[in-house]
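Engineer: So here's coords.tsv (TSV, C-alpha atoms).
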```tsv
chain	number	residue	atom	x	y	z
A	440	MET	CA	69.41	145.14	211.39
A	441	PRO	CA	67.35	146.66	214.19
A	442	LYS	CA	65.76	150.04	213.55
A	443	VAL	CA	65.68	150.98	217.23
A	444	ASN	CA	68.87	152.21	218.85
A	445	ALA	CA	69.68	149.95	221.80
A	446	TYR	CA	72.01	152.46	223.47
A	447	TYR	CA	70.81	156.00	222.94
A	448	ARG	CA	67.64	157.99	222.37
A	449	GLY	CA	67.90	161.66	221.53
A	450	PRO	CA	67.24	164.41	219.01
A	451	THR	CA	68.67	164.34	215.52
A	452	SER	CA	71.78	166.43	214.82
A	453	ASP	CA	74.40	166.98	212.15
A	454	HIS	CA	75.92	163.61	213.16
A	455	PHE	CA	72.87	161.61	214.39
A	456	ASP	CA	69.92	160.63	212.19
A	457	GLY	CA	67.67	159.50	215.03
A	458	THR	CA	68.94	155.92	214.97
A	459	ARG	CA	72.61	155.95	213.98
A	460	PHE	CA	75.56	158.29	214.31
A	461	PHE	CA	77.61	159.24	211.25
A	462	ASN	CA	80.61	161.29	210.15
A	463	PRO	CA	79.39	164.54	208.57
A	464	ASN	CA	80.65	164.76	204.98
A	465	GLY	CA	82.62	161.62	205.73
A	466	ARG	CA	82.69	157.91	205.05
A	467	GLN	CA	80.87	155.10	206.82
A	468	PRO	CA	82.46	151.68	207.49
A	469	ARG	CA	82.66	149.22	204.64
A	470	GLY	CA	80.26	146.30	204.43
A	471	MET	CA	80.57	142.54	204.75
A	472	ALA	CA	81.64	141.97	201.15
A	473	ASP	CA	84.67	144.23	201.55
A	474	LEU	CA	85.45	142.70	204.94
A	475	LEU	CA	85.53	139.23	203.38
A	476	ARG	CA	87.62	140.48	200.46
A	477	TRP	CA	90.18	141.78	202.95
A	478	GLN	CA	90.15	138.76	205.24
A	479	LEU	CA	90.44	136.28	202.37
A	480	GLY	CA	93.09	138.26	200.54
A	481	ARG	CA	96.85	138.15	200.76
A	482	GLY	CA	99.24	140.62	202.26
A	483	LYS	CA	99.07	139.88	205.98
A	484	VAL	CA	102.50	140.08	207.62
A	485	LYS	CA	102.95	137.53	210.38
A	486	TRP	CA	103.48	138.87	213.88
A	487	PRO	CA	105.65	137.15	216.50
A	488	ALA	CA	103.75	135.40	219.28
A	489	HIS	CA	105.49	137.73	221.73
A	490	TYR	CA	106.74	141.27	221.13
A	491	PRO	CA	108.28	142.17	224.48
A	492	SER	CA	108.79	145.77	225.49
A	493	PRO	CA	112.33	146.90	226.32
A	494	PHE	CA	110.88	148.64	229.37
A	495	GLN	CA	110.03	146.99	232.66
A	496	GLN	CA	106.53	147.27	234.01
A	497	ALA	CA	106.22	150.70	235.59
A	498	LYS	CA	105.24	151.47	239.16
A	499	PRO	CA	103.81	154.99	238.86
A	500	GLU	CA	104.06	157.75	241.41
A	501	LEU	CA	100.89	158.34	243.39
A	502	SER	CA	100.55	161.86	242.03
A	503	VAL	CA	102.29	164.28	239.66
A	504	GLU	CA	102.15	167.93	240.68
A	505	ALA	CA	103.29	171.43	239.68
A	506	ALA	CA	103.94	171.89	235.94
A	507	ARG	CA	104.83	168.25	235.33
A	508	LEU	CA	102.96	166.14	232.77
A	509	ARG	CA	103.73	162.42	232.66
A	510	VAL	CA	102.40	159.71	230.37
A	511	THR	CA	103.01	156.01	231.00
A	512	MET	CA	102.17	153.48	228.30
A	513	VAL	CA	100.08	150.51	229.37
A	514	GLY	CA	99.53	149.18	225.85
A	515	HIS	CA	97.64	149.87	222.61
A	516	ALA	CA	95.48	152.96	223.39
A	517	THR	CA	95.66	152.62	227.18
A	518	LEU	CA	97.71	155.43	228.67
A	519	LEU	CA	98.10	156.68	232.22
A	520	ILE	CA	98.18	160.48	232.15
A	521	GLN	CA	99.31	162.18	235.35
A	522	VAL	CA	98.87	165.94	235.50
A	523	HIS	CA	97.97	168.60	238.11
A	524	GLY	CA	97.32	165.94	240.78
A	525	PHE	CA	94.94	163.95	238.55
A	526	ASN	CA	95.46	160.35	237.43
A	527	ILE	CA	93.69	159.68	234.14
A	528	LEU	CA	93.35	156.46	232.14
A	529	THR	CA	92.45	156.41	228.47
A	530	ASP	CA	90.60	153.50	226.83
A	531	PRO	CA	91.63	151.04	229.56
A	532	VAL	CA	92.08	147.45	228.37
A	533	TRP	CA	93.90	144.92	230.56
A	534	ALA	CA	92.25	141.96	228.80
A	535	HIS	CA	94.32	139.29	227.06
A	536	ARG	CA	92.14	139.58	223.95
A	537	ALA	CA	90.49	142.55	222.26
A	538	SER	CA	87.46	140.45	221.42
A	539	PRO	CA	84.00	139.44	222.62
A	540	PHE	CA	85.33	135.87	222.82
A	541	ALA	CA	87.73	134.34	225.33
A	542	LEU	CA	89.51	132.06	222.86
A	543	VAL	CA	89.23	133.90	219.53
A	544	GLY	CA	90.32	137.37	218.48
A	545	PRO	CA	93.41	139.60	218.65
A	546	SER	CA	95.61	138.56	221.56
A	547	ARG	CA	98.02	140.70	223.54
A	548	ARG	CA	101.64	140.33	222.38
A	549	ASN	CA	103.11	141.97	225.47
A	550	PRO	CA	101.90	142.31	229.05
A	551	PRO	CA	100.39	145.59	230.25
A	552	GLY	CA	103.03	148.21	231.00
A	553	ILE	CA	101.51	148.68	234.47
A	554	GLU	CA	100.06	145.92	236.59
A	555	MET	CA	96.54	146.88	237.57
A	556	ASP	CA	97.44	146.46	241.25
A	557	ASP	CA	100.22	149.03	240.80
A	558	LEU	CA	97.98	151.79	239.49
A	559	PRO	CA	97.80	154.97	241.54
A	560	PRO	CA	94.32	156.10	242.60
A	561	ILE	CA	92.47	156.69	239.33
A	562	ASP	CA	90.36	159.85	239.24
A	563	LEU	CA	89.16	159.85	235.66
A	564	VAL	CA	88.69	157.33	232.83
A	565	LEU	CA	88.15	158.43	229.22
A	566	VAL	CA	86.52	155.90	226.87
A	567	THR	CA	86.56	157.14	223.28
A	568	HIS	CA	84.31	154.49	221.68
A	569	ASN	CA	83.02	150.96	222.07
A	570	HIS	CA	85.30	148.78	219.91
A	571	TYR	CA	86.76	145.94	221.97
A	572	ASP	CA	90.32	147.25	221.80
A	573	HIS	CA	89.12	150.45	223.50
A	574	LEU	CA	86.21	149.44	225.75
A	575	ASP	CA	86.75	146.33	227.88
A	576	LEU	CA	83.94	145.69	230.33
A	577	ASP	CA	85.92	143.49	232.72
A	578	THR	CA	88.61	146.15	233.01
A	579	LEU	CA	86.07	148.91	233.61
A	580	ALA	CA	84.27	146.83	236.22
A	581	ALA	CA	87.54	146.19	238.06
A	582	LEU	CA	88.52	149.87	237.95
A	583	ASN	CA	85.11	150.88	239.23
A	584	GLU	CA	85.33	148.39	242.09
A	585	GLU	CA	88.81	149.49	243.16
A	586	HIS	CA	88.95	153.20	242.30
A	587	SER	CA	85.38	154.49	241.66
A	588	PRO	CA	86.63	156.92	238.99
A	589	LEU	CA	84.53	159.30	236.96
A	590	ILE	CA	84.10	157.72	233.52
A	591	VAL	CA	83.60	160.13	230.63
A	592	THR	CA	82.43	158.71	227.31
A	593	PRO	CA	80.44	159.74	224.22
A	594	LEU	CA	76.68	159.28	223.85
A	595	GLY	CA	75.34	155.73	224.21
A	596	ASN	CA	78.45	154.07	225.60
A	597	ASP	CA	77.21	154.51	229.16
A	598	THR	CA	74.46	151.94	228.43
A	599	ILE	CA	77.12	149.37	227.55
A	600	ILE	CA	79.39	150.18	230.51
A	601	ARG	CA	76.53	149.92	233.03
A	602	ARG	CA	76.02	146.29	232.05
A	603	ALA	CA	79.27	145.53	233.88
A	604	ALA	CA	79.35	148.41	236.37
A	605	PRO	CA	75.76	149.49	237.11
A	606	ASP	CA	76.80	151.85	239.90
A	607	ALA	CA	79.61	153.55	237.97
A	608	ASN	CA	79.87	157.33	237.99
A	609	ILE	CA	79.51	158.13	234.28
A	610	SER	CA	79.27	161.45	232.46
A	611	VAL	CA	78.19	161.34	228.82
A	612	LEU	CA	79.18	163.97	226.25
A	613	ASP	CA	78.16	164.78	222.72
A	614	TRP	CA	80.61	166.34	220.27
A	615	GLY	CA	81.25	169.86	221.45
A	616	GLY	CA	80.25	168.94	225.00
A	617	ARG	CA	82.15	170.30	227.97
A	618	LEU	CA	82.53	168.99	231.52
A	619	GLY	CA	84.18	171.11	234.21
A	620	LEU	CA	85.93	169.31	237.06
A	621	GLU	CA	87.52	170.53	240.25
A	622	ASP	CA	90.94	172.22	240.24
A	623	GLU	CA	90.45	173.84	236.85
A	624	LEU	CA	90.29	170.68	234.75
A	625	VAL	CA	87.86	170.73	231.83
A	626	ILE	CA	87.06	167.81	229.52
A	627	HIS	CA	85.87	168.52	225.98
A	628	ALA	CA	84.49	165.91	223.55
A	629	GLU	CA	85.49	166.64	219.97
A	630	PRO	CA	84.79	164.99	216.60
A	631	CYS	CA	86.96	162.27	215.09
A	632	HIS	CA	86.35	160.24	211.93
A	633	HIS	CA	85.53	156.73	213.07
A	634	TRP	CA	82.58	154.42	213.86
A	635	SER	CA	81.36	152.02	216.54
A	636	ALA	CA	80.03	148.50	217.04
A	637	ARG	CA	80.05	145.70	219.60
A	638	GLY	CA	78.47	143.21	217.18
A	639	SER	CA	76.91	142.91	213.74
A	640	GLY	CA	73.61	144.56	214.64
A	641	ASP	CA	74.60	147.75	216.47
A	642	ARG	CA	76.83	149.60	214.04
A	643	ARG	CA	77.04	153.34	214.77
A	644	MET	CA	74.48	153.21	217.59
A	645	ALA	CA	76.94	154.71	220.09
A	646	LEU	CA	79.02	157.79	219.39
A	647	TRP	CA	82.82	157.97	219.05
A	648	ALA	CA	84.89	161.01	220.03
A	649	ALA	CA	88.28	162.47	220.78
A	650	PHE	CA	88.86	164.31	224.05
A	651	VAL	CA	90.64	167.50	225.03
A	652	ILE	CA	91.84	167.74	228.62
A	653	GLU	CA	92.23	171.39	229.58
A	654	THR	CA	94.59	171.83	232.54
A	655	PRO	CA	96.42	174.77	234.16
A	656	VAL	CA	99.72	173.33	232.82
A	657	GLY	CA	98.69	172.83	229.21
A	658	LYS	CA	96.11	171.19	227.00
A	659	ILE	CA	96.11	167.49	226.07
A	660	TYR	CA	94.42	166.09	222.97
A	661	HIS	CA	93.59	162.39	223.16
A	662	VAL	CA	92.52	160.64	219.95
A	663	GLY	CA	91.71	156.95	220.38
A	664	ASP	CA	90.99	156.04	216.75
A	665	THR	CA	90.51	158.16	213.67
A	666	GLY	CA	90.80	158.38	209.94
A	667	PHE	CA	92.71	161.43	208.77
A	668	HIS	CA	89.68	162.83	206.90
A	669	GLY	CA	91.72	165.51	205.18
A	670	GLY	CA	92.87	166.87	208.55
A	671	ILE	CA	89.48	168.56	209.09
A	672	ASN	CA	89.10	167.56	212.72
A	673	TYR	CA	92.72	168.34	213.58
A	674	ARG	CA	92.48	171.85	212.20
A	675	ALA	CA	89.15	172.39	213.96
A	676	ALA	CA	90.73	171.32	217.27
A	677	ARG	CA	93.56	173.76	216.76
A	678	GLU	CA	91.20	176.58	215.89
A	679	LYS	CA	89.06	175.92	218.96
A	680	HIS	CA	91.75	175.11	221.51
A	681	GLY	CA	94.80	176.93	220.20
A	682	GLY	CA	97.26	174.03	220.08
A	683	PHE	CA	98.41	171.43	222.58
A	684	ARG	CA	101.28	170.68	224.89
A	685	LEU	CA	100.61	167.00	224.17
A	686	ALA	CA	98.58	165.00	221.67
A	687	ASN	CA	98.05	161.25	222.03
A	688	LEU	CA	97.74	160.07	218.43
A	689	PRO	CA	97.19	156.61	216.90
A	690	PHE	CA	99.57	155.65	214.12
A	691	GLY	CA	99.15	151.87	213.72
A	692	ALA	CA	96.56	149.40	212.36
A	693	TYR	CA	96.33	150.98	208.90
A	694	GLU	CA	96.84	148.32	206.18
A	695	PRO	CA	95.45	147.63	203.64
A	696	ARG	CA	94.78	151.27	202.87
A	697	TRP	CA	91.83	150.56	200.56
A	698	PHE	CA	89.99	149.12	203.57
A	699	MET	CA	91.44	151.07	206.51
A	700	GLN	CA	92.16	154.58	205.28
A	701	ASP	CA	88.77	156.08	206.14
A	702	HIS	CA	88.96	155.15	209.83
A	703	HIS	CA	92.60	154.41	210.75
A	704	GLN	CA	95.28	156.97	209.88
A	705	ASN	CA	98.77	155.83	208.92
A	706	PRO	CA	102.05	157.21	210.34
A	707	GLU	CA	102.45	159.86	207.62
A	708	GLU	CA	98.93	161.12	208.32
A	709	ALA	CA	99.57	161.08	212.07
A	710	VAL	CA	102.59	163.34	211.56
A	711	GLN	CA	100.49	165.69	209.45
A	712	GLY	CA	97.83	165.57	212.20
A	713	MET	CA	100.47	166.63	214.70
A	714	LEU	CA	101.21	169.68	212.57
A	715	ASP	CA	97.57	170.45	211.84
A	716	CYS	CA	96.56	170.47	215.52
A	717	ALA	CA	99.73	172.31	216.61
A	718	ALA	CA	100.92	169.68	219.09
A	719	GLU	CA	104.30	170.37	220.64
A	720	HIS	CA	104.75	166.70	221.56
A	721	VAL	CA	102.99	163.45	220.68
A	722	ALA	CA	102.57	160.19	222.55
A	723	GLY	CA	102.13	157.67	219.74
A	724	HIS	CA	99.89	154.69	220.46
A	725	HIS	CA	97.68	152.02	218.82
A	726	TRP	CA	100.51	149.78	217.65
A	727	GLY	CA	102.53	146.74	218.71
A	728	THR	CA	100.11	145.15	221.22
A	729	PHE	CA	97.10	143.75	219.33
A	730	ARG	CA	97.44	142.60	215.72
A	731	LEU	CA	94.39	144.15	214.05
A	732	THR	CA	95.51	144.70	210.46
A	733	ASP	CA	98.00	143.58	207.81
A	734	GLU	CA	101.22	145.51	208.48
A	735	GLY	CA	104.12	144.00	210.42
A	736	VAL	CA	104.49	144.60	214.13
A	737	ASP	CA	107.24	147.22	213.81
A	738	ALA	CA	106.29	148.64	210.41
A	739	PRO	CA	104.47	151.63	211.99
A	740	VAL	CA	107.66	152.76	213.76
A	741	ARG	CA	109.80	152.57	210.62
A	742	ALA	CA	107.17	154.50	208.66
A	743	LEU	CA	106.81	157.03	211.47
A	744	GLU	CA	110.54	157.71	211.59
A	745	GLN	CA	110.62	158.26	207.84
A	746	ALA	CA	107.63	160.62	207.98
A	747	LEU	CA	109.18	162.64	210.82
A	748	ASP	CA	112.50	162.91	209.01
A	749	GLU	CA	110.80	164.05	205.80
A	750	ALA	CA	108.82	166.66	207.75
A	751	GLU	CA	112.03	167.75	209.55
A	752	ILE	CA	110.48	167.07	212.95
A	753	ALA	CA	112.73	165.75	215.71
A	754	ARG	CA	111.89	162.13	216.48
A	755	THR	CA	111.90	162.99	220.19
A	756	ARG	CA	108.76	165.11	219.65
A	757	PHE	CA	106.67	162.13	218.47
A	758	ARG	CA	107.33	159.19	220.77
A	759	ALA	CA	106.23	155.71	219.65
A	760	LEU	CA	105.54	154.49	223.17
A	761	ARG	CA	106.15	150.91	224.31
A	762	PRO	CA	104.48	149.25	227.33
A	763	GLY	CA	106.06	150.43	230.55
A	764	GLU	CA	107.66	153.47	228.90
A	765	ILE	CA	107.40	156.76	230.79
A	766	PHE	CA	107.24	160.04	228.88
A	767	ASP	CA	107.81	163.22	230.89
A	768	VAL	CA	106.43	165.83	228.52
A	769	PRO	CA	108.65	168.92	228.36
A	770	PRO	CA	107.18	172.29	229.33
A	771	SER	CA	105.91	174.52	226.58
A	772	PRO	CA	108.67	176.80	225.30
A	773	LEU	CA	106.14	179.62	225.13
A	774	THR	CA	104.54	179.40	228.57
A	775	GLY	CA	106.91	177.24	230.60
A	776	GLN	CA	104.00	174.87	231.26
```
Render the structure in this file as structure tokens.
Structural biologist:
Amino acid sequence: MPKVNAYYRGPTSDHFDGTRFFNPNGRQPRGMADLLRWQLGRGKVKWPAHYPSPFQQAKPELSVEAARLRVTMVGHATLLIQVHGFNILTDPVWAHRASPFALVGPSRRNPPGIEMDDLPPIDLVLVTHNHYDHLDLDTLAALNEEHSPLIVTPLGNDTIIRRAAPDANISVLDWGGRLGLEDELVIHAEPCHHWSARGSGDRRMALWAAFVIETPVGKIYHVGDTGFHGGINYRAAREKHGGFRLANLPFGAYEPRWFMQDHHQNPEEAVQGMLDCAAEHVAGHHWGTFRLTDEGVDAPVRALEQALDEAEIARTRFRALRPGEIFDVPPSPLTGQ
């Protein structure tokens, strides 16, 4: 493995050793032997070739104003967030496969919930990390060509994105970093327990992060991928930001637990994360589009419903979004926003 970081050069920190990033007091990804043990083992539940959404492809409004907050599911971790006149995309992937290969790798089981040509003008793109189901270069190049958005991403990922969009407007943040935008929007990069790689030789050479979007009508916490990690990062986000009108939380791609638990939370952990970060509502994502792990296509929803019922949380507060589904997030009961 190369000893020189191909994406980032910078000072050491509590999560960067000079070459690779790491999870402080956490776990690093398992090695090839464990990967082969998982891939060659039993327990994979077959997915249908197509898992159609009950919702039609959405045609979003050009802008959402006043105290409204709207989320439209595109698929997997790709969400359109419309708030305070801003149109924001998270981890945009319109590709048929979440893979470096055109013919091999996880394929999309439902079409994107919004056609790319139907997108409103995109102001901001948040890319949480460089795994192929979260960072798709063709999609980012197309968005840059059509919309010229500001792309915000953790350290090192800008090097990858510029390979496809050399003229893109990119801002790079470390954990704890803050970027102020016009009209009182602020983007914060916060820790999550995950890892990164585009191939076998660049593990942990680009940083991963969650984002907090601070708006005049409430705070939004977007987590692309994370292990639960004892809830440490959720509680830290609550302590720093004081709770959230909305959290976008992953709750799929979690089996087998012996392999996945350090970096992909399950539905029960996602519900606990909702409580730990004090989210009033959750847009649930990272399920039902790309088959990445062993559980069945709808197993995450059944497990989520059970976890919500056991925690005595109304199912309407944690929405397992399907492509094309629109979620108008209710105002905060405390502030009206």
Engineer: If I take CA of Glu585 (chain A) and CA of Ser492 (chain A), how far is one from the other in Å, to one decimal?
Structural biologist: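 Spanning CA of Glu585 (chain A) to CA of Ser492 (chain A) is a straight-line distance of 26.9 Å.
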Engineer: Rounded to one decimal place, report the CA of Asp664 (chain A)-CA of His633 (chain A) distance in Å.
Structural biologist: 6.6 Å
Engineer: Between CA of Asp737 (chain A) and CA of Leu558 (chain A), what is the distance in Å, rounded to a tenth?
Structural biologist: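 So the two atoms, CA of Asp737 (chain A) and CA of Leu558 (chain A), lie 27.7 Å apart.
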Engineer: Measuring between all atoms listed in the file, which one of A:Arg642, A:Trp486, A:Leu579, A:Glu719 shows the shortest distance to Gly470 (chain A)?
Structural biologist: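 Residue with the minimum atom-to-atom distance to Gly470 (chain A): A:Arg642.
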Engineer: Using all atoms listed in the file, which of A:Pro531, A:Pro605, A:Pro545, A:Gly595 sits nearest Ala445 (chain A)?
Structural biologist: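 So, comparing all the options, the nearest one is A:Gly595.
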